[in-house]
Amino acid sequence: MICFERRTFLPISCEAAFDLSLSIDAHLGAFRRSGERAVAGVTAGVIGHGEFVTWRARLFGVTWTMTNAITEWDRPHRFVDEQARGPFRSFRHEHVLTAVDGGTELHDLVRFEAPFGALGVVAERVVLGRYLSHLIDVRNEFLVTEAERRSGRSSTFEFAADPALRRWSRLFGVRAEECTVTLSGERLTITFGRWALRTTPSNVADIAVTGPYRWWKVAGPPRLSLADRGVTFATTNRRGVCVRFRRPVRAIDPFGLIRHPAATLTVVDPERLAAGLATRVEPQGDHVPAGSSPAGPGLSRFKETAKALVRWARRDRSVDVAERSVADGCSVAQPSGGGPDAQPIHAGVGPEFHRRYRVFVEGSALSAAAAMARLQADPNTIAPQGLAPFEKVVGDVGAMLVGDRFVVELAGPWTGPVEVADATETTFRLVTLDGHMEAGFIDFSVTETDGDLLQFTIESRARSGDHAMHVLYDHLGVAKNLQSEMWVETCERFPAVVSGRQHGPVDILTERVEGRR
């Protein structure tokens with residue numbers, strides 16, 4: 001049996017969110033591009049307690065039919081839908097709604113079991129778990145968009161339909177009438193055929209109306225600029241809006257190897273979209289100006305990755321490594337912070353990992369508070385610059401406050417956007433944001449021990465950010481080894497920062513939380 005959960009904020013009341021979650025029309029809207037249909041039972045409107053709906057969809061070339069019934073009901077706080085007939089041995093989806101400031105938190109708890117014994121277990125872990133969690137994510141994203149529209153918090157912009165380019169677009173499954181830009185105070189979402197770009201308005205650095213364009217450069221699927229890795233979503237060659245980002249985003253590459261510093265969108269009314277973005281972009285004031293992070297992995301970054309993996313494999317310095325599995329009850333709750341683009345633990349893929357890296361220092365010239373003040377003023381003091389330099393994108397230079405944001409330019413084809421969720425005299429906490437290779441949080445602390453030693457600790461709880469990272473981290477171990485090398489080097493740099501000497505080896509503890517998927 002596979003279990004997973006999701007938490008989603010909807011900017012509407014519990015009553016409205018309850019009805020939206022039960023809406024057959026909303027479900028069909030979420031899966032419009034996949035062709036899912038309601039063929040029996042309640043096929044439109046809001047389904048009620050004791051009623052059923054039969055869904056029909058095509059997956060892996062096979063048509064599947066599944067009948068779900070609403071078996072438990074506590075309006076407007078909770079309901080359960082379960083499979084009455086269908087492909088699973090069992091399927092149960094519990095929806096819990098809780099009123100919070102500004103709206104409702106929707107908590108999805110899904111449990112399912114595949115048939116066919118051992119073969120079913122393999123299918124659960126290899127295919128079905130990932131596929132169903134993806135479906136819940138797609139559905140919830142649609143619910144958020146719809147809730148924002150109903151509450152007047154979002155605007156939708158349609159793409160311009162150009163008969164001259166329509167044939168080329170449809171060859172790649174792109175129909176102008178199904179392509180949209182959705183803008184709210186918390187989200188900027190672009191859907192273009194089977195491609196999508198998601199970010200937040202605060203990530204927008206600049207907006208400009210551009211055009212016309214040469215038709216052969218924009219017709220068909222999304223186009224990648226070889227000059228700066230910008231992406232173009234175009235259904236006409238006349239005019240569009242060029243949006244530049246503070247932090248490059250993923251769009252055309254499902255593995256996130258290519259990140260785009262800008263996107264061009266050929267909507268019907270470019271001036272209206274530009275004006276809408278301008279009113280929602282968060283002013284940066286005297287904070288760090290918008291900068292261009294590398295748009296994608298350069299050759300030098302891959303070289304650094306290879307060197308780091310070789311260093312970890314050789315392990316010619318003093319490192320103590322301990323690994324063990326622990327029960328699901330050892331998992332902890334995701335701390336607050338990160339805003340609407342936070343990437344919490346429950347949004348990740350695969351098992352949860354608790355990792356701790358620790359080093360002791362003797363003869364330190366600084367107290368714990370003074371050492372932490374130096375780290376908070378500039379995390380690059382200890383960050384290995386070849387592996388993980390910190391670039392501050394929100395906040396004042398020389399200080400660290402809750403809400404400050406960094407992009408950690410990790411070696412290899414990854415970036416690590418994070419937000420400061422907590423900062424004290426001897427600690428600070430970073431939570432991962434959308435696009436990070438992991439989903440979770442990481443704590444940094446400096447403490448003084450009874451033996452006149454200074455202890456520096458890095459402690460994280462996270463899951464892989466996507467399926468590709470899950471394979472690289474948990475199955476192949478490449479990303480896990482690279483992470484180990486990165487934080488070991490960070491620990492080894494700490495003694496020099498406090499003018500002390502390393503006492504004993506760097507201590508690494510890895511706990512794999514069993515049962516958390």
# chains A, B, ... in the order shown; residues from 1 in each chain; ligands from 1
$ select_by_dssp --residues "stretch 66-220 of chain A" --states "alpha helix (DSSP H)" --output "number ranges by chain"
A: 117-123, 129-150, 163-171, 215-218
$ residues_around --residues "A:Gly185" --least-positions-apart "4" --cutoff "12 Å" --atoms "only C-alpha atoms" --output "compact mmCIF listing (two decimals) with N, CA and C atoms, in the first residue's frame"
# COMPACT_ATOMS: atom_id res chain seq x y z
N PRO A 11 -7.52 30.46 -1.42
CA PRO A 11 -7.92 31.78 -0.89
C PRO A 11 -9.43 32.01 -0.89
N THR A 145 -5.94 27.93 -8.88
CA THR A 145 -6.22 28.90 -9.94
C THR A 145 -7.69 29.29 -9.95
N GLU A 148 -8.59 31.40 -6.86
CA GLU A 148 -8.12 32.77 -7.02
C GLU A 148 -9.00 33.54 -7.99
N ARG A 149 -9.45 32.88 -9.04
CA ARG A 149 -10.34 33.54 -10.00
C ARG A 149 -11.67 33.90 -9.35
N SER A 151 -12.29 34.41 -6.23
CA SER A 151 -12.13 35.43 -5.19
C SER A 151 -11.66 36.76 -5.75
N GLY A 152 -11.51 36.83 -7.07
CA GLY A 152 -11.07 38.07 -7.69
C GLY A 152 -9.60 38.35 -7.53
N ARG A 153 -8.82 37.34 -7.15
CA ARG A 153 -7.39 37.55 -6.90
C ARG A 153 -6.52 37.22 -8.10
N SER A 154 -7.11 36.72 -9.16
CA SER A 154 -6.30 36.36 -10.32
C SER A 154 -6.94 36.85 -11.60
N SER A 155 -6.12 36.96 -12.62
CA SER A 155 -6.57 37.34 -13.95
C SER A 155 -6.03 36.32 -14.94
N THR A 189 1.37 31.54 -13.74
CA THR A 189 1.34 30.21 -14.36
C THR A 189 1.08 30.35 -15.84
N THR A 199 5.93 30.21 -11.59
CA THR A 199 6.79 30.98 -10.70
C THR A 199 5.90 31.93 -9.91
N THR A 200 6.49 32.92 -9.25
CA THR A 200 5.73 33.90 -8.49
C THR A 200 5.99 35.30 -9.06
N PRO A 201 5.04 36.23 -8.90
CA PRO A 201 5.28 37.60 -9.38
C PRO A 201 6.52 38.24 -8.77
N SER A 202 6.87 37.85 -7.55
CA SER A 202 8.06 38.43 -6.92
C SER A 202 9.34 38.03 -7.65
N ASN A 203 9.26 37.01 -8.49
CA ASN A 203 10.43 36.58 -9.26
C ASN A 203 10.58 37.34 -10.56
N VAL A 204 9.62 38.21 -10.88
CA VAL A 204 9.68 38.99 -12.11
C VAL A 204 10.56 40.22 -11.89
N GLY A 276 -0.68 44.29 -15.64
CA GLY A 276 -1.02 43.40 -14.54
C GLY A 276 0.21 42.91 -13.80
N LEU A 277 1.25 42.57 -14.53
CA LEU A 277 2.50 42.14 -13.90
C LEU A 277 3.13 43.29 -13.11
N ALA A 278 3.09 44.49 -13.68
CA ALA A 278 3.72 45.63 -13.03
C ALA A 278 3.07 45.94 -11.68
N THR A 279 1.75 45.73 -11.56
CA THR A 279 1.07 46.02 -10.30
C THR A 279 1.30 44.95 -9.25
N ARG A 280 1.71 43.74 -9.67
CA ARG A 280 1.88 42.65 -8.72
C ARG A 280 3.34 42.36 -8.38
N VAL A 281 4.27 42.91 -9.14
CA VAL A 281 5.68 42.69 -8.86
C VAL A 281 6.02 43.36 -7.54
N GLU A 282 6.65 42.62 -6.64
CA GLU A 282 7.00 43.16 -5.34
C GLU A 282 8.18 44.11 -5.47
N GLY A 339 6.31 31.21 1.89
CA GLY A 339 5.23 31.81 1.12
C GLY A 339 4.63 30.83 0.13
N PRO A 340 3.92 31.37 -0.88
CA PRO A 340 3.21 30.50 -1.82
C PRO A 340 4.10 29.65 -2.70
N ASP A 341 5.38 30.02 -2.85
CA ASP A 341 6.27 29.20 -3.67
C ASP A 341 7.17 28.31 -2.84
$ residues_around --residues "A:Leu106" --least-positions-apart "2" --cutoff "6 Å" --atoms "only C-alpha atoms" --output "PyMOL selection string"
chain A and resi 7-8+96-97
$ closest_residue --among "A:Leu10, A:Leu472, A:Ala176, A:Val53" --to "A:His107" --atoms "only C-alpha atoms"
A:Leu10
$ atom_distance --atom1 "atom CA of A:Ala147" --atom2 "atom CA of A:Leu188"
14.4 Å
$ residues_around --residues "A:Asp101" --least-positions-apart "3" --cutoff "12 Å" --atoms "only C-alpha atoms" --output "list in words"
Phe9, Leu10, Pro11, Ile12, Ser13, Cys14, Thr98, Thr104 and Glu105 of chain A
$ atom_distance --atom1 "atom CA of A:Gly395" --atom2 "atom CA of A:Ser464"
27.2 Å
